[in-house]
Each structure stands twice: as structure tokens, then as C-alpha cells.
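This is work.csv (CSV, C-alpha atoms).
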```csv
chain,number,residue,atom,x,y,z
A,1,MET,CA,-38.9,-37.4,-33.8
A,2,VAL,CA,-37.0,-40.4,-35.1
A,3,TYR,CA,-38.0,-42.6,-38.0
A,4,CYS,CA,-37.3,-46.3,-38.0
A,5,ALA,CA,-35.0,-47.3,-40.8
A,6,ARG,CA,-36.7,-50.7,-41.0
A,7,CYS,CA,-40.4,-50.0,-41.0
A,8,GLY,CA,-40.5,-46.3,-41.3
A,9,SER,CA,-42.8,-45.6,-38.3
A,10,GLU,CA,-42.4,-42.5,-36.2
A,11,ASN,CA,-40.9,-42.8,-32.7
A,12,ASP,CA,-40.0,-40.4,-29.9
A,13,GLY,CA,-36.6,-38.8,-30.1
A,14,THR,CA,-35.6,-40.3,-26.7
A,15,SER,CA,-36.6,-43.9,-27.6
A,16,LYS,CA,-33.8,-46.3,-28.6
A,17,PHE,CA,-36.0,-49.0,-30.2
A,18,CYS,CA,-38.9,-48.8,-32.6
A,19,GLY,CA,-42.3,-49.2,-31.0
A,20,ASN,CA,-43.6,-50.9,-34.1
A,21,CYS,CA,-41.0,-53.4,-35.1
A,22,GLY,CA,-38.5,-53.4,-32.3
A,23,ALA,CA,-35.5,-52.5,-34.4
A,24,GLU,CA,-32.7,-50.4,-32.9
A,25,LEU,CA,-33.1,-46.7,-33.8
A,26,GLN,CA,-29.5,-45.6,-33.6
A,27,ALA,CA,-29.0,-46.1,-37.3
A,28,SER,CA,-32.4,-44.7,-38.2
A,29,ALA,CA,-32.8,-41.5,-40.0
A,30,THR,CA,-33.8,-38.5,-37.9
A,31,GLN,CA,-36.3,-35.8,-38.9
A,32,GLU,CA,-33.5,-33.4,-39.7
A,33,GLN,CA,-31.9,-35.9,-42.0
A,34,VAL,CA,-35.2,-36.5,-43.7
A,35,ASN,CA,-35.7,-32.7,-44.2
A,36,GLN,CA,-32.1,-32.4,-45.5
A,37,THR,CA,-32.7,-35.1,-48.0
A,38,GLU,CA,-36.0,-33.6,-49.2
A,39,GLY,CA,-34.3,-30.2,-49.5
A,40,ALA,CA,-31.5,-31.7,-51.5
A,41,LEU,CA,-34.0,-33.4,-53.9
A,42,SER,CA,-36.0,-30.3,-54.4
A,43,SER,CA,-32.9,-28.3,-55.2
A,44,GLY,CA,-32.4,-30.3,-58.4
A,45,GLU,CA,-29.6,-32.7,-57.4
A,46,THR,CA,-29.3,-35.9,-59.3
A,47,VAL,CA,-31.2,-38.9,-58.1
A,48,PRO,CA,-29.6,-42.3,-58.5
A,49,VAL,CA,-31.4,-44.4,-61.0
A,50,TYR,CA,-31.6,-48.1,-60.4
A,51,GLU,CA,-31.7,-50.4,-63.3
A,52,LYS,CA,-34.4,-53.0,-63.4
A,53,VAL,CA,-32.6,-56.3,-63.4
A,54,THR,CA,-35.3,-58.9,-62.9
A,55,ASP,CA,-39.0,-59.3,-62.7
A,56,ALA,CA,-38.8,-61.7,-59.8
A,57,GLU,CA,-40.7,-59.5,-57.4
A,58,VAL,CA,-43.3,-58.5,-60.0
A,59,GLN,CA,-44.1,-61.8,-61.6
A,60,LYS,CA,-46.3,-64.1,-59.6
A,61,PRO,CA,-44.8,-67.6,-59.4
A,62,GLU,CA,-46.6,-70.5,-60.9
A,63,PRO,CA,-48.2,-72.8,-58.4
A,64,ILE,CA,-46.4,-76.1,-57.7
A,65,LEU,CA,-48.4,-79.3,-58.0
A,66,SER,CA,-48.3,-81.3,-54.9
A,67,GLN,CA,-48.3,-85.1,-54.7
A,68,ASP,CA,-52.1,-85.2,-54.6
A,69,GLY,CA,-52.3,-83.0,-57.6
A,70,GLU,CA,-53.5,-80.0,-55.6
A,71,LYS,CA,-52.1,-76.6,-56.4
A,72,SER,CA,-50.1,-75.0,-53.5
A,73,ASN,CA,-48.7,-71.6,-53.2
A,74,PRO,CA,-44.9,-71.8,-52.9
A,75,TYR,CA,-44.8,-68.6,-50.9
A,76,SER,CA,-47.0,-69.9,-48.2
A,77,GLY,CA,-47.0,-73.0,-46.0
A,78,SER,CA,-45.5,-74.4,-42.9
A,79,GLU,CA,-42.0,-73.6,-41.5
A,80,THR,CA,-40.7,-76.9,-42.7
A,81,GLN,CA,-41.8,-76.1,-46.2
A,82,ASN,CA,-40.0,-72.8,-46.0
A,83,ASN,CA,-36.9,-74.3,-44.7
A,84,ASN,CA,-36.6,-76.9,-47.5
A,85,GLY,CA,-37.6,-74.4,-50.2
A,86,GLY,CA,-41.1,-75.9,-50.8
A,87,SER,CA,-39.6,-79.2,-51.7
A,88,ASN,CA,-42.0,-82.1,-52.3
A,89,ALA,CA,-42.2,-85.4,-54.1
A,90,TYR,CA,-43.2,-83.7,-57.3
A,91,THR,CA,-40.2,-81.3,-57.5
A,92,ASN,CA,-37.5,-83.2,-55.7
A,93,PRO,CA,-36.8,-86.8,-56.6
A,94,TYR,CA,-34.9,-87.4,-53.3
A,95,TYR,CA,-37.9,-86.2,-51.2
A,96,ASP,CA,-38.5,-88.3,-48.1
A,97,ALA,CA,-41.9,-87.8,-46.6
A,98,GLN,CA,-41.0,-89.4,-43.3
A,99,SER,CA,-38.1,-87.1,-42.3
A,100,PRO,CA,-38.0,-83.3,-42.7
A,101,GLN,CA,-35.3,-81.9,-44.9
A,102,TYR,CA,-33.2,-78.9,-44.1
A,103,TYR,CA,-31.1,-76.9,-46.4
A,104,SER,CA,-28.6,-74.8,-44.6
A,105,SER,CA,-24.9,-73.9,-44.9
A,106,ASN,CA,-24.6,-73.8,-41.1
A,107,GLN,CA,-24.5,-77.3,-39.5
A,108,ASN,CA,-25.4,-75.9,-36.1
A,109,GLU,CA,-28.8,-74.8,-37.5
A,110,ILE,CA,-29.7,-78.5,-38.2
A,111,ASN,CA,-31.5,-80.5,-35.6
A,112,GLN,CA,-31.8,-77.6,-33.1
A,113,GLU,CA,-35.0,-79.0,-31.5
A,114,GLY,CA,-33.7,-82.5,-31.0
A,115,GLY,CA,-30.2,-83.7,-30.5
A,116,LYS,CA,-28.2,-83.2,-27.3
A,117,ILE,CA,-29.0,-86.6,-26.0
A,118,GLY,CA,-26.0,-86.2,-23.7
A,119,PHE,CA,-28.2,-84.3,-21.1
A,120,SER,CA,-30.6,-87.2,-20.8
A,121,ILE,CA,-27.8,-89.8,-20.6
A,122,ALA,CA,-26.0,-87.7,-17.9
A,123,SER,CA,-29.2,-87.4,-16.0
A,124,LEU,CA,-29.8,-91.1,-16.0
A,125,VAL,CA,-26.2,-92.0,-15.1
A,126,CYS,CA,-26.2,-89.4,-12.3
A,127,GLY,CA,-29.5,-90.8,-11.0
A,128,ILE,CA,-28.2,-94.4,-10.9
A,129,LEU,CA,-25.0,-93.3,-9.3
A,130,SER,CA,-26.9,-91.3,-6.7
A,131,LEU,CA,-28.7,-94.5,-5.7
A,132,THR,CA,-25.6,-96.6,-5.5
A,133,CYS,CA,-23.4,-93.8,-3.9
A,134,CYS,CA,-26.0,-92.6,-1.3
A,135,CYS,CA,-23.8,-94.4,1.3
A,136,ALA,CA,-21.7,-91.2,1.0
A,137,SER,CA,-24.4,-88.8,1.9
A,138,ILE,CA,-22.9,-85.6,0.4
A,139,LEU,CA,-21.7,-87.3,-2.8
A,140,GLY,CA,-25.1,-89.0,-3.3
A,141,GLY,CA,-26.9,-85.7,-2.7
A,142,ILE,CA,-24.8,-83.8,-5.3
A,143,LEU,CA,-25.3,-86.6,-7.9
A,144,ALA,CA,-29.0,-86.6,-7.2
A,145,VAL,CA,-29.3,-82.8,-7.6
A,146,ALA,CA,-27.3,-83.1,-10.8
A,147,ALA,CA,-29.6,-85.9,-12.1
A,148,VAL,CA,-32.8,-83.9,-11.4
A,149,ALA,CA,-31.3,-80.6,-12.9
A,150,LEU,CA,-30.1,-82.3,-16.1
A,151,GLY,CA,-33.3,-84.2,-16.5
A,152,ILE,CA,-35.4,-81.0,-16.2
A,153,ILE,CA,-33.1,-79.2,-18.7
A,154,ALA,CA,-33.5,-82.1,-21.1
A,155,LEU,CA,-37.3,-82.1,-20.8
A,156,ARG,CA,-37.8,-78.3,-20.9
A,157,ASN,CA,-35.7,-77.9,-24.0
A,158,LYS,CA,-37.2,-81.0,-25.6
A,159,TYR,CA,-33.9,-82.8,-26.2
A,160,ASP,CA,-33.6,-86.4,-27.3
A,161,GLY,CA,-34.0,-89.2,-24.7
A,162,LYS,CA,-37.2,-88.1,-22.9
A,163,GLY,CA,-37.6,-91.5,-21.2
A,164,MET,CA,-34.0,-91.4,-19.9
A,165,ALA,CA,-34.6,-87.9,-18.6
A,166,ILE,CA,-37.7,-89.0,-16.7
A,167,ALA,CA,-35.9,-92.0,-15.3
A,168,GLY,CA,-33.0,-89.8,-14.3
A,169,ILE,CA,-35.4,-87.4,-12.4
A,170,ILE,CA,-37.1,-90.3,-10.6
A,171,THR,CA,-33.9,-92.0,-9.6
A,172,GLY,CA,-32.3,-88.7,-8.6
A,173,GLY,CA,-35.4,-87.9,-6.5
A,174,ILE,CA,-35.1,-91.2,-4.6
A,175,GLY,CA,-31.4,-90.7,-4.2
A,176,PHE,CA,-32.0,-87.2,-2.9
A,177,MET,CA,-34.5,-88.4,-0.4
A,178,ILE,CA,-32.2,-91.0,1.0
A,179,ALA,CA,-29.2,-88.7,1.1
A,180,GLY,CA,-31.4,-85.9,2.6
A,181,ILE,CA,-32.7,-88.2,5.4
A,182,SER,CA,-29.2,-89.3,6.3
A,183,LEU,CA,-27.8,-85.7,6.2
A,184,ILE,CA,-30.7,-84.6,8.5
A,185,LEU,CA,-30.0,-87.4,10.9
A,186,ILE,CA,-26.3,-86.6,10.9
A,187,GLY,CA,-27.1,-83.0,11.6
A,188,ALA,CA,-29.6,-83.9,14.3
A,189,GLY,CA,-27.0,-86.3,15.9
A,190,GLY,CA,-24.4,-83.6,15.9
A,191,PHE,CA,-26.9,-81.1,17.4
A,192,MET,CA,-27.8,-83.6,20.1
A,193,ASP,CA,-24.1,-84.2,21.0
A,194,MET,CA,-23.6,-80.5,21.2
A,195,PHE,CA,-26.7,-80.1,23.4
A,196,ASP,CA,-25.5,-82.9,25.8
A,197,GLU,CA,-22.1,-81.2,26.1
A,198,LEU,CA,-23.8,-77.9,26.8
A,199,GLN,CA,-25.9,-79.5,29.5
A,200,LYS,CA,-22.7,-80.9,31.1
A,201,LEU,CA,-21.3,-77.4,31.3
B,1,MET,CA,-26.9,-79.5,-51.4
B,2,SER,CA,-27.0,-83.0,-52.5
B,3,TYR,CA,-28.8,-85.8,-50.7
B,4,ARG,CA,-25.6,-87.5,-49.8
B,5,SER,CA,-24.0,-84.5,-48.2
B,6,TYR,CA,-27.3,-83.8,-46.3
B,7,ASN,CA,-27.2,-87.2,-44.8
B,8,LYS,CA,-23.5,-86.8,-43.9
B,9,ILE,CA,-24.3,-83.6,-42.0
B,10,LYS,CA,-27.3,-85.1,-40.3
B,11,SER,CA,-25.4,-88.1,-39.1
B,12,ASN,CA,-22.5,-85.9,-37.9
B,13,SER,CA,-24.8,-83.4,-36.1
B,14,ARG,CA,-26.6,-86.1,-33.9
B,15,TYR,CA,-24.8,-87.9,-31.2
B,16,ARG,CA,-25.7,-91.5,-30.5
B,17,ALA,CA,-25.9,-92.9,-27.0
B,18,ASP,CA,-24.3,-96.2,-27.9
B,19,GLU,CA,-21.4,-94.5,-29.6
B,20,ILE,CA,-20.8,-92.3,-26.5
B,21,PHE,CA,-20.9,-95.4,-24.2
B,22,TYR,CA,-18.6,-97.3,-26.5
B,23,GLN,CA,-16.0,-94.5,-26.4
B,24,ILE,CA,-16.3,-94.3,-22.6
B,25,GLY,CA,-16.1,-98.1,-22.3
B,26,LYS,CA,-12.8,-98.2,-24.2
B,27,GLY,CA,-11.2,-96.2,-21.4
B,28,PHE,CA,-13.2,-97.8,-18.6
B,29,TRP,CA,-12.2,-101.5,-18.6
B,30,LEU,CA,-8.5,-101.3,-17.9
B,31,PRO,CA,-8.7,-99.0,-14.8
B,32,PHE,CA,-11.7,-101.0,-13.6
B,33,CYS,CA,-9.8,-104.2,-13.7
B,34,LEU,CA,-6.6,-102.8,-12.3
B,35,ILE,CA,-8.4,-101.2,-9.3
B,36,GLY,CA,-10.4,-104.3,-8.8
B,37,ASN,CA,-7.3,-106.5,-8.8
B,38,TRP,CA,-5.6,-104.1,-6.3
B,39,PHE,CA,-8.8,-104.0,-4.2
B,40,ALA,CA,-9.0,-107.8,-4.0
B,41,HIS,CA,-5.4,-108.2,-3.0
B,42,GLY,CA,-4.9,-106.0,0.0
B,43,GLY,CA,-6.8,-102.8,-0.9
B,44,TYR,CA,-10.1,-103.8,0.8
B,45,GLU,CA,-8.4,-104.8,4.0
B,46,ARG,CA,-6.6,-101.4,4.2
B,47,TYR,CA,-9.3,-99.0,3.0
B,48,GLY,CA,-12.5,-101.0,3.4
B,49,GLU,CA,-13.5,-99.0,6.4
B,50,LEU,CA,-13.6,-95.8,4.3
B,51,THR,CA,-16.4,-97.2,2.2
B,52,ALA,CA,-18.7,-98.0,5.2
B,53,CYS,CA,-22.3,-96.8,4.6
B,54,ASP,CA,-23.3,-93.6,6.4
B,55,VAL,CA,-27.0,-94.4,5.9
B,56,ARG,CA,-26.8,-97.8,7.6
B,57,ARG,CA,-24.5,-96.4,10.4
B,58,ILE,CA,-26.8,-93.5,11.2
B,59,CYS,CA,-30.3,-94.6,10.2
B,60,GLY,CA,-29.9,-98.3,10.8
B,61,PHE,CA,-31.5,-99.5,7.5
B,62,PRO,CA,-29.6,-100.4,4.4
B,63,CYS,CA,-29.3,-98.1,1.4
B,64,PRO,CA,-29.6,-99.2,-2.3
B,65,GLY,CA,-25.8,-99.2,-2.6
B,66,CYS,CA,-25.1,-101.2,0.5
B,67,GLY,CA,-22.9,-104.3,-0.2
B,68,GLY,CA,-21.5,-102.8,-3.4
B,69,THR,CA,-17.9,-102.7,-2.1
B,70,ARG,CA,-18.0,-106.2,-0.9
B,71,ALA,CA,-19.7,-107.3,-4.2
B,72,TYR,CA,-16.8,-105.6,-6.1
B,73,TYR,CA,-14.3,-107.3,-3.8
B,74,TYR,CA,-15.7,-110.8,-4.2
B,75,LEU,CA,-16.1,-110.3,-8.0
B,76,PHE,CA,-12.3,-110.0,-8.4
B,77,LEU,CA,-11.7,-112.9,-6.0
B,78,GLY,CA,-13.8,-115.0,-8.4
B,79,GLU,CA,-16.6,-115.7,-5.9
B,80,PHE,CA,-19.5,-114.6,-8.1
B,81,ALA,CA,-22.2,-116.1,-5.9
B,82,LYS,CA,-21.1,-114.1,-3.0
B,83,SER,CA,-20.8,-111.0,-5.2
B,84,PHE,CA,-24.4,-111.5,-6.4
B,85,TYR,CA,-25.5,-112.0,-2.8
B,86,PHE,CA,-24.1,-108.8,-1.4
B,87,ASN,CA,-25.3,-106.6,-4.3
B,88,PRO,CA,-26.3,-107.9,-7.7
B,89,ILE,CA,-25.9,-104.6,-9.5
B,90,VAL,CA,-22.1,-105.0,-9.6
B,91,ILE,CA,-22.1,-108.3,-11.5
B,92,TYR,CA,-25.1,-107.2,-13.6
B,93,GLY,CA,-23.3,-103.9,-14.5
B,94,VAL,CA,-20.1,-105.8,-15.5
B,95,LEU,CA,-22.0,-108.3,-17.6
B,96,ALA,CA,-24.3,-105.7,-19.2
B,97,TYR,CA,-21.5,-103.4,-20.2
B,98,PHE,CA,-19.4,-106.3,-21.4
B,99,HIS,CA,-22.3,-107.5,-23.6
B,100,PHE,CA,-22.8,-104.1,-25.0
B,101,MET,CA,-19.2,-103.6,-25.9
B,102,ILE,CA,-19.0,-107.0,-27.6
B,103,LEU,CA,-22.3,-106.3,-29.5
B,104,TYR,CA,-21.1,-102.8,-30.6
B,105,PHE,CA,-17.7,-104.2,-31.7
B,106,TYR,CA,-19.4,-107.0,-33.7
B,107,ARG,CA,-21.8,-104.6,-35.4
B,108,LYS,CA,-19.1,-102.0,-36.1
B,109,HIS,CA,-16.2,-104.1,-37.3
B,110,ILE,CA,-17.6,-107.5,-38.3
B,111,SER,CA,-21.2,-107.2,-39.6
B,112,GLY,CA,-21.0,-103.5,-40.4
B,113,THR,CA,-24.7,-102.9,-39.4
B,114,ILE,CA,-24.0,-100.4,-36.7
B,115,GLN,CA,-25.2,-97.4,-38.8
B,116,LYS,CA,-28.6,-99.1,-39.4
B,117,LYS,CA,-29.2,-100.6,-35.9
B,118,GLU,CA,-28.6,-98.4,-32.9
B,119,ILE,CA,-28.1,-100.3,-29.7
B,120,HIS,CA,-30.6,-98.9,-27.2
B,121,ILE,CA,-28.4,-98.3,-24.2
B,122,GLN,CA,-31.3,-97.0,-22.1
B,123,TYR,CA,-32.8,-100.6,-21.7
B,124,TYR,CA,-29.6,-101.7,-20.0
B,125,MET,CA,-30.1,-98.8,-17.6
B,126,TYR,CA,-33.7,-99.4,-16.9
B,127,VAL,CA,-32.9,-103.0,-16.0
B,128,ALA,CA,-30.1,-101.7,-13.8
B,129,ILE,CA,-32.6,-99.4,-12.0
B,130,ALA,CA,-35.0,-102.4,-11.6
B,131,VAL,CA,-32.1,-104.5,-10.1
B,132,ILE,CA,-31.1,-101.8,-7.7
B,133,LEU,CA,-34.6,-101.1,-6.4
B,134,THR,CA,-35.5,-104.8,-6.2
B,135,GLN,CA,-32.5,-105.8,-4.2
B,136,TRP,CA,-33.1,-102.8,-2.0
B,137,VAL,CA,-36.7,-103.7,-1.3
B,138,VAL,CA,-35.6,-107.4,-0.6
B,139,LYS,CA,-33.0,-106.1,1.8
B,140,LEU,CA,-35.5,-103.8,3.6
B,141,ILE,CA,-38.0,-106.7,3.9
B,142,TYR,CA,-35.3,-108.9,5.5
B,143,PHE,CA,-34.1,-106.1,7.6
B,144,LEU,CA,-37.5,-105.2,8.9
B,145,HIS,CA,-38.4,-108.9,9.4
B,146,ILE,CA,-41.5,-108.6,7.4
B,147,ILE,CA,-41.1,-112.2,6.1
```

Turn the structure described in the file into C-alpha cells.
Amino acid sequence: MVYCARCGSENDGTSKFCGNCGAELQASATQEQVNQTEGALSSGETVPVYEKVTDAEVQKPEPILSQDGEKSNPYSGSETQNNNGGSNAYTNPYYDAQSPQYYSSNQNEINQEGGKIGFSIASLVCGILSLTCCCASILGGILAVAAVALGIIALRNKYDGKGMAIAGIITGGIGFMIAGISLILIGAGGFMDMFDELQKL
Amino acid sequence: MSYRSYNKIKSNSRYRADEIFYQIGKGFWLPFCLIGNWFAHGGYERYGELTACDVRRICGFPCPGCGGTRAYYYLFLGEFAKSFYFNPIVIYGVLAYFHFMILYFYRKHISGTIQKKEIHIQYYMYVAIAVILTQWVVKLIYFLHII
């Protein structure tokens, strides 16, 4: 039997991850370790004493008044409120209700949902080039596939430039159709030439 | 974190389409003009056959890019009407990109309003798509003798 170090739930000795919380069980305490600890405590060894430093976890925080004067719990609320530390117009003089505020030391964590407009731009540029370069069937086909793929990536991941991504997918689709028709006809022409030569033999 | 530093990070973490195209455009114009000048003075006669349209040769009908090489050739010969006649996307693309570069340069270095007003590059592209598809439909109509 293995106990999870994170949530304390019991797991099989063969399992690698906790069935309750999903934490890795390699660093968890086994039953033998627990028994050893209990035995050591019962034998009269010294137990470390932790000094109480603050009452932060004991004291219930005062509710913060919102802009409308309603009381709100600072420990509850949406994800945005948690990200900006429950900031609002009452507590923060720089509060801007139109745009969400993020407080983070890591710049990469900011604007994770949006941003990356480059995918949409690349999709649209490849789509337009696939239309104008479909004279060269293979190049037009490659550009069309790139336009559709980049547009789908931008739409699925909800990057900026949704309109450009849609336009890139449409133009890439038209370019792919034209390049595909010409490639099929090239292939059919080559097959017919080969068939004629075989008939001559 | 102060409000000013938050705004600095936010502006740094988001790429703007107009800024990307301005940076591309700074390295685009010189090769474009050099190749066009070479193309108009001997390059087209030598290598024009390589740019022949596969779609027209095999399928028989024109593709959306048909006439682009000739339009590029006549643009650098100074015959703008012929360039427009063969494929208007070339002359539109040059004018649109030139307009964008001038507007961005003015807002960045003269009026200083580029941070407040983003130039929506996508509208240039939507018009380009409309020009390409319109001229293609017109060519197809003439090719199929519908009119």
C-alpha cells in the first residue's frame, strides 16, 4: 500500500500515480515508512515544534466592497479576479474595467489566449500567394496547404486575427482546388501518353 | 507591479500586424525594384518561358495569377495601363504596400500616433483578394465567351 504525499489517499503498491489527485507516487510515503514514523513517535523521540508565525490562515479576511457597494469574498470569484488579486475600482486606483489586468513575473504567461497574430497573417499571405502562384501547380498546392493548416491552427487555438485566418482558409481552399485540378490533369496526361506508348508496343 | 510596467509588458508581448509588415517592407522594396529592372531589360525575354502558366497550358482556362509576369514586366517599363490590363493585382499590390509604408512612416516618425492608431493591414489584403477573384471571373467570362 502506498500513500499519496499530496492528498494522503491510499493506492496500490504497483501504481505510479495517485488515483485520487493524479500526483506521482514515487516520492510518496510507503506503509513501512509510515509505521516507522509512528514507532519512532511512540518511542518518545522529540517532535519538532513549529512556531506560530501568523494568523493569516485562521483569520477570515474582511469582505472587500465592490464598485456597486456589494460585499464580495476575496477568496472566491472568477479566474480573472484571482489572477489580478481581486483588484477592482475600490481597491486599485489604476483599475481599468475594459481590459483584464494580469500580475505575473513571467511575461510568457501574459496574453496566452490571444496574441500570435503571425499565424493568421501567414495563413492569409499563403492563401493569396497560392491564388497567384497556382500557375506553378506544385508551389501553389504547397502554399494552399500551408494556408489552410495555419488558418486552422489559428482558429483552433483562438489566436488573434480570426477574420484573416478564415480568409486564408478560403483562399487556400480555392488555390488548392485549382492546383489539384491541374495536377490531376497533368497526371492524367502523363498516364495517357504512357498508355499510347504501351499500345504502340 | 506598477501600471506603467504592466503596460510596457503588455505592449511588448503582443505583436502587431502593421509593425511586422513594415519590417518586412523595409527589406522588400530594394530587391523588388532591382529584380523588376533586370526583368524589364532582358530578363523577361530570356526567362519568360519558365513562368508560363501550367493551368492554362493543360486545362485551357486562365488561372487567377495569369498575366502576373507580364503585368510585372510592363510595370517596370512604365506602361501602367498594360500592366493593369494583364493583371491588376500587381499594380494594386505595389500601390497598396507603398501607401501602407508611407502611412506607417508618417505616423511613426512625424505625427507620433502609431501607438494609438493601428493600421489594419487585413483590409489591404481583403481588397487584394477581391481584385484577384474579380479579374479572374472577368477573364473566365471573356474566355468562355459568355458575354

Residues of chain B were defined as contacting chain A if any atom lay at most 6 Å from it, counting all atoms listed in the file; please report them as a list in words.
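That gives Arg14, Cys53, Asp54, Val55, Pro64 and Gly65 of chain B for chain B.
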
Taken to one decimal, the CA of Cys59 in chain B-CA of Ala188 in chain A distance is 11.5 Å

Please, what distance in Å, to one decimal, runs between CA of Phe61 in chain B and CA of Glu49 in chain B?
18.0 Å

Please indicate the distance in Å from CA of Gly43 in chain B to CA of Gly67 in chain B, rounded to one decimal place.
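If I compute the distance from CA of Gly43 in chain B to CA of Gly67 in chain B, I get 16.2 Å.
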
Lys139 in chain B: which residues within 10 Å, counting all atoms listed in the file, same-chain residues fewer than 4 positions away excluded, as a list in words?
Phe61, Pro62, Cys63, Pro64, Cys66, Phe86, Asn87, Leu133, Thr134, Gln135, Phe143, Leu144 and His145 of chain B

Around the point (-29.5, -100.3, -14.7) (coordinates from the file), which residues reach within 9 Å if we count all atoms listed in the file? Answer as a VMD selection string.
(chain A and resid 125 128) or (chain B and resid 89 92 to 93 96 122 to 132)

Residue selection dump (C-alpha atoms) as a short mmCIF file (atom, residue, chain, number, x, y, z; two decimals), keeping the file's coordinate frame:
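Saved as result.cif:
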```
data_model
loop_
_atom_site.label_atom_id
_atom_site.label_comp_id
_atom_site.auth_asym_id
_atom_site.auth_seq_id
_atom_site.Cartn_x
_atom_site.Cartn_y
_atom_site.Cartn_z
CA VAL A 125 -26.20 -92.00 -15.10
CA ILE A 128 -28.20 -94.40 -10.90
CA ILE B 89 -25.90 -104.60 -9.50
CA TYR B 92 -25.10 -107.20 -13.60
CA GLY B 93 -23.30 -103.90 -14.50
CA ALA B 96 -24.30 -105.70 -19.20
CA GLN B 122 -31.30 -97.00 -22.10
CA TYR B 123 -32.80 -100.60 -21.70
CA TYR B 124 -29.60 -101.70 -20.00
CA MET B 125 -30.10 -98.80 -17.60
CA TYR B 126 -33.70 -99.40 -16.90
CA VAL B 127 -32.90 -103.00 -16.00
CA ALA B 128 -30.10 -101.70 -13.80
CA ILE B 129 -32.60 -99.40 -12.00
CA ALA B 130 -35.00 -102.40 -11.60
CA VAL B 131 -32.10 -104.50 -10.10
CA ILE B 132 -31.10 -101.80 -7.70
#
```

Name the residues in contact with range 15-27 of chain A at a cut-off of 8 Å, using all atoms listed in the file, excluding same-chain residues fewer than 5 positions from it; report them as an NGL selection string.
:A and (2-7 or 9)

Among listed residues B:Trp136, B:Ile141, B:Phe98, B:Ile121, nearest Arg16 in chain B (using only C-alpha atoms)
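Checking each candidate against Arg16 in chain B, we get B:Ile121 as the closest.
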